[in-house]
>>> print(open('target-v5.cif').read())   # mmCIF, C-alpha atoms
data_model
loop_
_atom_site.group_PDB
_atom_site.id
_atom_site.type_symbol
_atom_site.label_atom_id
_atom_site.label_comp_id
_atom_site.auth_asym_id
_atom_site.auth_seq_id
_atom_site.Cartn_x
_atom_site.Cartn_y
_atom_site.Cartn_z
ATOM 1 C CA MET B 1 -167.995 -75.380 223.581
ATOM 2 C CA THR B 2 -171.713 -75.454 224.328
ATOM 3 C CA LYS B 3 -174.236 -74.209 221.853
ATOM 4 C CA ARG B 4 -175.853 -70.915 222.833
ATOM 5 C CA SER B 5 -179.593 -70.876 223.385
ATOM 6 C CA TRP B 6 -181.881 -68.722 221.251
ATOM 7 C CA GLN B 7 -182.518 -66.529 224.286
ATOM 8 C CA GLU B 8 -178.778 -65.989 224.695
ATOM 9 C CA LYS B 9 -178.516 -65.054 221.017
ATOM 10 C CA LEU B 10 -181.398 -62.616 221.485
ATOM 11 C CA ARG B 11 -179.658 -60.901 224.417
ATOM 12 C CA ASP B 12 -176.278 -60.719 222.640
ATOM 13 C CA SER B 13 -176.305 -57.207 221.237
ATOM 14 C CA LYS B 14 -172.617 -57.286 220.226
ATOM 15 C CA ASP B 15 -171.924 -53.644 219.340
ATOM 16 C CA LEU B 16 -175.461 -52.940 218.158
ATOM 17 C CA PRO B 17 -177.375 -50.809 217.458
ATOM 18 C CA LYS B 18 -175.247 -48.716 215.175
ATOM 19 C CA ILE B 19 -175.556 -46.413 212.184
ATOM 20 C CA VAL B 20 -173.462 -47.049 209.093
ATOM 21 C CA LYS B 21 -172.765 -44.565 206.321
ATOM 22 C CA MET B 22 -173.220 -46.310 202.982
ATOM 23 C CA SER B 23 -171.303 -45.903 199.744
ATOM 24 C CA LYS B 24 -172.986 -44.112 196.848
ATOM 25 C CA GLU B 25 -173.771 -47.463 195.209
ATOM 26 C CA GLN B 26 -175.288 -48.885 198.393
ATOM 27 C CA ALA B 27 -177.243 -45.686 199.031
ATOM 28 C CA LYS B 28 -178.713 -45.867 195.536
ATOM 29 C CA LYS B 29 -179.657 -49.537 195.988
ATOM 30 C CA TRP B 30 -181.212 -49.154 199.466
ATOM 31 C CA GLY B 31 -182.643 -45.649 199.161
ATOM 32 C CA GLY B 32 -180.571 -43.700 201.658
ATOM 33 C CA GLU B 33 -177.123 -42.763 202.843
ATOM 34 C CA THR B 34 -177.418 -44.058 206.406
ATOM 35 C CA LEU B 35 -178.303 -47.576 207.515
ATOM 36 C CA ALA B 36 -179.510 -48.419 211.019
ATOM 37 C CA ILE B 37 -178.446 -51.856 212.246
ATOM 38 C CA PRO B 38 -180.614 -52.766 215.245
ATOM 39 C CA SER B 39 -179.848 -55.012 218.170
ATOM 40 C CA PRO B 40 -181.790 -58.284 218.363
ATOM 41 C CA LEU B 41 -183.672 -57.020 221.440
ATOM 42 C CA GLU B 42 -184.896 -53.938 219.551
ATOM 43 C CA ILE B 43 -186.542 -56.166 216.954
ATOM 44 C CA ASP B 44 -187.984 -58.380 219.689
ATOM 45 C CA GLU B 45 -189.456 -55.323 221.453
ATOM 46 C CA LEU B 46 -191.152 -54.149 218.239
ATOM 47 C CA MET B 47 -192.555 -57.640 217.625
ATOM 48 C CA LYS B 48 -193.960 -57.728 221.170
ATOM 49 C CA LYS B 49 -196.055 -54.618 220.438
ATOM 50 C CA VAL B 50 -198.162 -56.258 217.705
ATOM 51 C CA PRO B 51 -201.606 -56.925 219.237
ATOM 52 C CA LYS B 52 -203.748 -59.998 218.716
ATOM 53 C CA GLY B 53 -205.554 -59.901 215.360
ATOM 54 C CA LYS B 54 -202.977 -57.549 213.812
ATOM 55 C CA VAL B 55 -199.743 -58.116 211.910
ATOM 56 C CA THR B 56 -196.591 -56.321 210.882
ATOM 57 C CA THR B 57 -193.923 -57.025 208.289
ATOM 58 C CA VAL B 58 -190.149 -57.070 208.433
ATOM 59 C CA ALA B 59 -190.303 -54.027 206.119
ATOM 60 C CA LYS B 60 -192.376 -52.156 208.738
ATOM 61 C CA LEU B 61 -189.869 -53.143 211.437
ATOM 62 C CA ARG B 62 -187.113 -51.722 209.233
ATOM 63 C CA GLU B 63 -189.001 -48.430 208.901
ATOM 64 C CA LYS B 64 -189.402 -48.166 212.672
ATOM 65 C CA ILE B 65 -185.717 -48.936 213.257
ATOM 66 C CA ALA B 66 -184.645 -46.307 210.717
ATOM 67 C CA LYS B 67 -186.912 -43.695 212.280
ATOM 68 C CA LYS B 68 -185.799 -44.511 215.837
ATOM 69 C CA HIS B 69 -182.126 -44.096 214.924
ATOM 70 C CA LYS B 70 -182.676 -41.173 212.543
ATOM 71 C CA ALA B 71 -181.285 -43.160 209.625
ATOM 72 C CA LYS B 72 -182.695 -43.387 206.116
ATOM 73 C CA VAL B 73 -182.913 -47.187 206.049
ATOM 74 C CA GLY B 74 -183.242 -50.080 208.505
ATOM 75 C CA CYS B 75 -180.960 -53.005 207.672
ATOM 76 C CA PRO B 76 -182.926 -55.651 205.763
ATOM 77 C CA LEU B 77 -180.541 -58.472 206.601
ATOM 78 C CA THR B 78 -180.291 -58.026 210.368
ATOM 79 C CA CYS B 79 -183.972 -57.135 210.802
ATOM 80 C CA GLY B 80 -184.904 -60.412 209.102
ATOM 81 C CA ILE B 81 -182.364 -62.497 211.014
ATOM 82 C CA PHE B 82 -183.257 -60.924 214.353
ATOM 83 C CA SER B 83 -186.999 -61.537 213.826
ATOM 84 C CA TRP B 84 -186.105 -65.188 213.258
ATOM 85 C CA ILE B 85 -183.985 -65.284 216.442
ATOM 86 C CA ALA B 86 -186.825 -63.624 218.392
ATOM 87 C CA ALA B 87 -189.255 -66.288 217.134
ATOM 88 C CA TYR B 88 -187.077 -69.178 218.250
ATOM 89 C CA ALA B 89 -186.235 -67.487 221.560
ATOM 90 C CA ALA B 90 -189.981 -67.105 222.205
ATOM 91 C CA GLU B 91 -190.634 -70.790 221.537
ATOM 92 C CA GLU B 92 -187.691 -71.707 223.745
ATOM 93 C CA ALA B 93 -189.207 -69.590 226.531
ATOM 94 C CA ARG B 94 -192.601 -71.269 225.983
ATOM 95 C CA ALA B 95 -190.938 -74.687 226.317
ATOM 96 C CA GLU B 96 -189.516 -73.518 229.651
ATOM 97 C CA GLY B 97 -193.046 -72.759 230.847
ATOM 98 C CA LYS B 98 -193.196 -69.000 230.268
ATOM 99 C CA LYS B 99 -196.720 -67.847 229.444
ATOM 100 C CA SER B 100 -196.008 -64.408 227.993
ATOM 101 C CA ILE B 101 -193.835 -64.708 224.897
ATOM 102 C CA THR B 102 -193.151 -62.579 221.826
ATOM 103 C CA PRO B 103 -196.009 -63.176 219.337
ATOM 104 C CA TRP B 104 -193.594 -63.887 216.484
ATOM 105 C CA TRP B 105 -196.310 -65.325 214.216
ATOM 106 C CA ARG B 106 -197.663 -61.779 213.742
ATOM 107 C CA THR B 107 -194.520 -60.681 211.867
ATOM 108 C CA LEU B 108 -194.702 -61.445 208.165
ATOM 109 C CA LYS B 109 -192.402 -61.108 205.213
ATOM 110 C CA GLY B 110 -192.634 -58.093 202.863
ATOM 111 C CA GLN B 111 -195.970 -58.390 201.079
ATOM 112 C CA GLY B 112 -197.798 -60.338 203.778
ATOM 113 C CA GLU B 113 -196.197 -63.702 203.076
ATOM 114 C CA LEU B 114 -195.630 -66.295 205.755
ATOM 115 C CA ASN B 115 -192.067 -66.938 206.893
ATOM 116 C CA PRO B 116 -190.922 -70.526 206.277
ATOM 117 C CA LYS B 117 -187.935 -70.010 208.612
ATOM 118 C CA TYR B 118 -190.083 -69.433 211.701
ATOM 119 C CA PRO B 119 -190.709 -72.273 214.187
ATOM 120 C CA GLY B 120 -192.948 -74.904 212.608
ATOM 121 C CA GLY B 121 -192.727 -73.204 209.213
ATOM 122 C CA GLU B 122 -195.545 -71.578 207.281
ATOM 123 C CA ASP B 123 -198.209 -74.040 208.459
ATOM 124 C CA THR B 124 -197.696 -73.191 212.133
ATOM 125 C CA GLN B 125 -197.634 -69.450 211.456
ATOM 126 C CA MET B 126 -200.811 -69.633 209.366
ATOM 127 C CA LYS B 127 -202.618 -71.731 211.977
ATOM 128 C CA LYS B 128 -201.771 -69.216 214.731
ATOM 129 C CA LEU B 129 -202.851 -66.241 212.598
ATOM 130 C CA LYS B 130 -206.102 -67.888 211.474
ATOM 131 C CA ALA B 131 -206.893 -68.503 215.157
ATOM 132 C CA GLU B 132 -206.673 -64.708 215.605
ATOM 133 C CA GLY B 133 -209.053 -64.020 212.699
ATOM 134 C CA ILE B 134 -206.503 -63.295 209.973
ATOM 135 C CA ILE B 135 -207.706 -64.342 206.496
ATOM 136 C CA PHE B 136 -205.432 -65.678 203.750
ATOM 137 C CA GLU B 137 -205.556 -65.951 199.975
ATOM 138 C CA GLN B 138 -203.406 -67.856 197.481
ATOM 139 C CA LYS B 139 -201.062 -65.873 195.249
ATOM 140 C CA GLY B 140 -199.454 -68.431 193.002
ATOM 141 C CA LYS B 141 -197.869 -71.005 195.320
ATOM 142 C CA LYS B 142 -197.830 -68.655 198.322
ATOM 143 C CA ALA B 143 -200.477 -67.988 200.910
ATOM 144 C CA ILE B 144 -200.549 -64.305 201.830
ATOM 145 C CA VAL B 145 -202.682 -62.249 204.176
ATOM 146 C CA LYS B 146 -205.785 -61.073 202.334
ATOM 147 C CA ASP B 147 -206.338 -57.309 202.586
ATOM 148 C CA LEU B 148 -203.007 -56.881 204.387
ATOM 149 C CA GLU B 149 -203.564 -53.148 205.001
ATOM 150 C CA LYS B 150 -206.632 -53.999 207.097
ATOM 151 C CA TYR B 151 -204.495 -55.967 209.564
ATOM 152 C CA LEU B 152 -201.265 -53.939 209.586
ATOM 153 C CA ILE B 153 -200.355 -51.877 212.610
#
>>> encode(input="target-v5.cif", output="structure tokens")
Amino acid sequence: MTKRSWQEKLRDSKDLPKIVKMSKEQAKKWGGETLAIPSPLEIDELMKKVPKGKVTTVAKLREKIAKKHKAKVGCPLTCGIFSWIAAYAAEEARAEGKKSITPWWRTLKGQGELNPKYPGGEDTQMKKLKAEGIIFEQKGKKAIVKDLEKYLI
């Protein structure tokens, strides 16, 4: 069995998107009774919309997914995993010579932190964002975007 490419994983929507009704315990934990689980391509499309010099977070992607599907919450697990798949699919496309790829480096973790799981890790993501004028500050051991609200779309 051959290993699937990142681009194949991105296009494999399985049975997604879908809306799931959560238990009372889950609803209390996540802040709503309905959970929207996006397809990988939906996350990729949202990531493609982030312009140069701006950023978004996985939390913002979750909000957009919830709103689109009229659910209370966007799934934190799949939104995070699918942003990671989109990042690797974009780099795979770049390696194949494609010029226009998803600007994955503009999607950050919750509070403006870099994502160590993205291609090249935090250093590569920071380098790409700094090249677009994004400024960072140290918070403990983590580098985060300074004045995040200024850069968020």
>>> residues_around(input="target-v5.cif", residues="Ile81 of chain B", least_positions_apart="4", cutoff="10 Å", atoms="all atoms listed in the file", output="ChimeraX atom specification")
/B:40,43,58,76-77,85-87,117
>>> closest_residue(input="target-v5.cif", among="B:Lys64, B:Lys49, B:Glu42, B:Val145", to="Asp12 of chain B", atoms="all atoms listed in the file")
B:Glu42
>>> resolve_selection(input="target-v5.cif", expression="the PyMOL selection byres ((chain B and resi 44) around 10)", output="JSON, numbers by chain")
{"B": [10, 11, 39, 40, 41, 42, 43, 45, 46, 47, 48, 49, 61, 79, 82, 83, 84, 85, 86, 87, 89, 90, 102, 103, 104]}
>>> residues_near_point(input="target-v5.cif", point="(-195.4, -72.5, 214.8)", cutoff="12 Å", atoms="all atoms listed in the file", output="list in words")
Trp84, Ala87, Tyr88, Ala90, Glu91, Glu92, Arg94, Pro103, Trp104, Trp105, Arg106, Leu114, Asn115, Pro116, Lys117, Tyr118, Pro119, Gly120, Gly121, Glu122, Asp123, Thr124, Gln125, Met126, Lys127, Lys128 and Leu129 of chain B
>>> closest_residue(input="target-v5.cif", among="B:Ser23, B:Ala95, B:Thr56, B:Lys29", to="Trp6 of chain B", atoms="all atoms listed in the file")
B:Ala95
>>> residues_around(input="target-v5.cif", residues="Gly112 of chain B", least_positions_apart="4", cutoff="7 Å", atoms="all atoms listed in the file", output="ChimeraX atom specification")
/B:57,108,144-145,148
>>> closest_residue(input="target-v5.cif", among="B:Lys68, B:Glu113, B:Lys98, B:Tyr151", to="Glu132 of chain B", atoms="all atoms listed in the file")
B:Tyr151
>>> closest_residue(input="target-v5.cif", among="B:Ile101, B:Ile135, B:Ala27, B:Ile37", to="Lys67 of chain B", atoms="only C-alpha atoms")
B:Ile37
>>> residues_around(input="target-v5.cif", residues="Lys28 of chain B", least_positions_apart="5", cutoff="12 Å", atoms="all atoms listed in the file", output="number ranges by chain")
B: 22-23, 33-34, 72-73
>>> closest_residue(input="target-v5.cif", among="B:Lys21, B:Lys14, B:Lys52, B:Lys3", to="Ala71 of chain B", atoms="only C-alpha atoms")
B:Lys21
>>> atom_distance(input="target-v5.cif", atom1="atom CA of Lys141 of chain B", atom2="atom CA of Gly74 of chain B")
28.7 Å
>>> resolve_selection(input="target-v5.cif", expression="the PyMOL selection byres ((chain B and resi 17) around 8)", output="VMD selection string")
chain B and resid 13 15 to 16 18 to 19 36 to 39
>>> atom_distance(input="target-v5.cif", atom1="atom CA of Ile153 of chain B", atom2="atom CA of Gly32 of chain B")
24.0 Å
>>> build_atoms(input="target-v5.cif", residues="segment 19-55 of chain B", atoms="N, CA and C atoms", output="tab-separated table (two decimals), in the frame of the given file")
chain	number	residue	atom	x	y	z
B	19	ILE	N	-175.21	-47.05	213.45
B	19	ILE	CA	-175.56	-46.41	212.18
B	19	ILE	C	-174.32	-46.50	211.29
B	20	VAL	N	-174.55	-46.90	210.05
B	20	VAL	CA	-173.46	-47.05	209.09
B	20	VAL	C	-173.71	-46.11	207.93
B	21	LYS	N	-172.67	-45.42	207.51
B	21	LYS	CA	-172.76	-44.56	206.32
B	21	LYS	C	-172.47	-45.45	205.11
B	22	MET	N	-173.36	-45.43	204.14
B	22	MET	CA	-173.22	-46.31	202.98
B	22	MET	C	-172.50	-45.61	201.84
B	23	SER	N	-171.93	-46.43	200.96
B	23	SER	CA	-171.30	-45.90	199.74
B	23	SER	C	-172.40	-45.37	198.82
B	24	LYS	N	-172.00	-44.65	197.80
B	24	LYS	CA	-172.99	-44.11	196.85
B	24	LYS	C	-173.78	-45.23	196.18
B	25	GLU	N	-173.09	-46.33	195.86
B	25	GLU	CA	-173.77	-47.46	195.21
B	25	GLU	C	-174.79	-48.09	196.16
B	26	GLN	N	-174.38	-48.30	197.40
B	26	GLN	CA	-175.29	-48.88	198.39
B	26	GLN	C	-176.47	-47.96	198.66
B	27	ALA	N	-176.18	-46.66	198.77
B	27	ALA	CA	-177.24	-45.69	199.03
B	27	ALA	C	-178.27	-45.70	197.91
B	28	LYS	N	-177.80	-45.82	196.68
B	28	LYS	CA	-178.71	-45.87	195.54
B	28	LYS	C	-179.57	-47.13	195.59
B	29	LYS	N	-178.95	-48.26	195.93
B	29	LYS	CA	-179.66	-49.54	195.99
B	29	LYS	C	-180.70	-49.55	197.11
B	30	TRP	N	-180.34	-49.04	198.30
B	30	TRP	CA	-181.21	-49.15	199.47
B	30	TRP	C	-182.06	-47.92	199.73
B	31	GLY	N	-181.79	-46.83	199.03
B	31	GLY	CA	-182.64	-45.65	199.16
B	31	GLY	C	-182.26	-44.69	200.27
B	32	GLY	N	-180.99	-44.65	200.63
B	32	GLY	CA	-180.57	-43.70	201.66
B	32	GLY	C	-179.10	-43.83	201.99
B	33	GLU	N	-178.56	-42.79	202.55
B	33	GLU	CA	-177.12	-42.76	202.84
B	33	GLU	C	-176.76	-43.41	204.17
B	34	THR	N	-177.71	-43.49	205.09
B	34	THR	CA	-177.42	-44.06	206.41
B	34	THR	C	-178.29	-45.29	206.66
B	35	LEU	N	-177.65	-46.30	207.25
B	35	LEU	CA	-178.30	-47.58	207.52
B	35	LEU	C	-178.26	-47.84	209.01
B	36	ALA	N	-179.43	-48.08	209.59
B	36	ALA	CA	-179.51	-48.42	211.02
B	36	ALA	C	-179.49	-49.94	211.16
B	37	ILE	N	-178.53	-50.43	211.95
B	37	ILE	CA	-178.45	-51.86	212.25
B	37	ILE	C	-178.90	-52.03	213.69
B	38	PRO	N	-180.06	-52.66	213.89
B	38	PRO	CA	-180.61	-52.77	215.24
B	38	PRO	C	-179.94	-53.87	216.06
B	39	SER	N	-180.24	-53.88	217.34
B	39	SER	CA	-179.85	-55.01	218.17
B	39	SER	C	-180.99	-56.03	218.08
B	40	PRO	N	-180.72	-57.29	218.39
B	40	PRO	CA	-181.79	-58.28	218.36
B	40	PRO	C	-182.94	-57.92	219.31
B	41	LEU	N	-182.62	-57.37	220.48
B	41	LEU	CA	-183.67	-57.02	221.44
B	41	LEU	C	-184.58	-55.90	220.94
B	42	GLU	N	-184.04	-54.99	220.12
B	42	GLU	CA	-184.90	-53.94	219.55
B	42	GLU	C	-185.96	-54.53	218.64
B	43	ILE	N	-185.58	-55.50	217.84
B	43	ILE	CA	-186.54	-56.17	216.95
B	43	ILE	C	-187.57	-56.94	217.79
B	44	ASP	N	-187.09	-57.64	218.80
B	44	ASP	CA	-187.98	-58.38	219.69
B	44	ASP	C	-189.00	-57.44	220.35
B	45	GLU	N	-188.55	-56.29	220.81
B	45	GLU	CA	-189.46	-55.32	221.45
B	45	GLU	C	-190.53	-54.84	220.48
B	46	LEU	N	-190.16	-54.57	219.24
B	46	LEU	CA	-191.15	-54.15	218.24
B	46	LEU	C	-192.15	-55.27	217.97
B	47	MET	N	-191.67	-56.49	217.88
B	47	MET	CA	-192.56	-57.64	217.62
B	47	MET	C	-193.53	-57.85	218.78
B	48	LYS	N	-193.10	-57.57	219.99
B	48	LYS	CA	-193.96	-57.73	221.17
B	48	LYS	C	-195.14	-56.76	221.16
B	49	LYS	N	-195.02	-55.65	220.45
B	49	LYS	CA	-196.06	-54.62	220.44
B	49	LYS	C	-197.21	-54.90	219.48
B	50	VAL	N	-197.11	-55.96	218.68
B	50	VAL	CA	-198.16	-56.26	217.70
B	50	VAL	C	-199.31	-56.97	218.43
B	51	PRO	N	-200.48	-56.33	218.50
B	51	PRO	CA	-201.61	-56.92	219.24
B	51	PRO	C	-202.26	-58.09	218.50
B	52	LYS	N	-203.00	-58.86	219.26
B	52	LYS	CA	-203.75	-60.00	218.72
B	52	LYS	C	-204.66	-59.51	217.59
B	53	GLY	N	-204.70	-60.26	216.50
B	53	GLY	CA	-205.55	-59.90	215.36
B	53	GLY	C	-204.92	-58.90	214.40
B	54	LYS	N	-203.70	-58.49	214.68
B	54	LYS	CA	-202.98	-57.55	213.81
B	54	LYS	C	-201.67	-58.19	213.39
B	55	VAL	N	-201.03	-57.62	212.38
B	55	VAL	CA	-199.74	-58.12	211.91
B	55	VAL	C	-198.83	-56.94	211.58
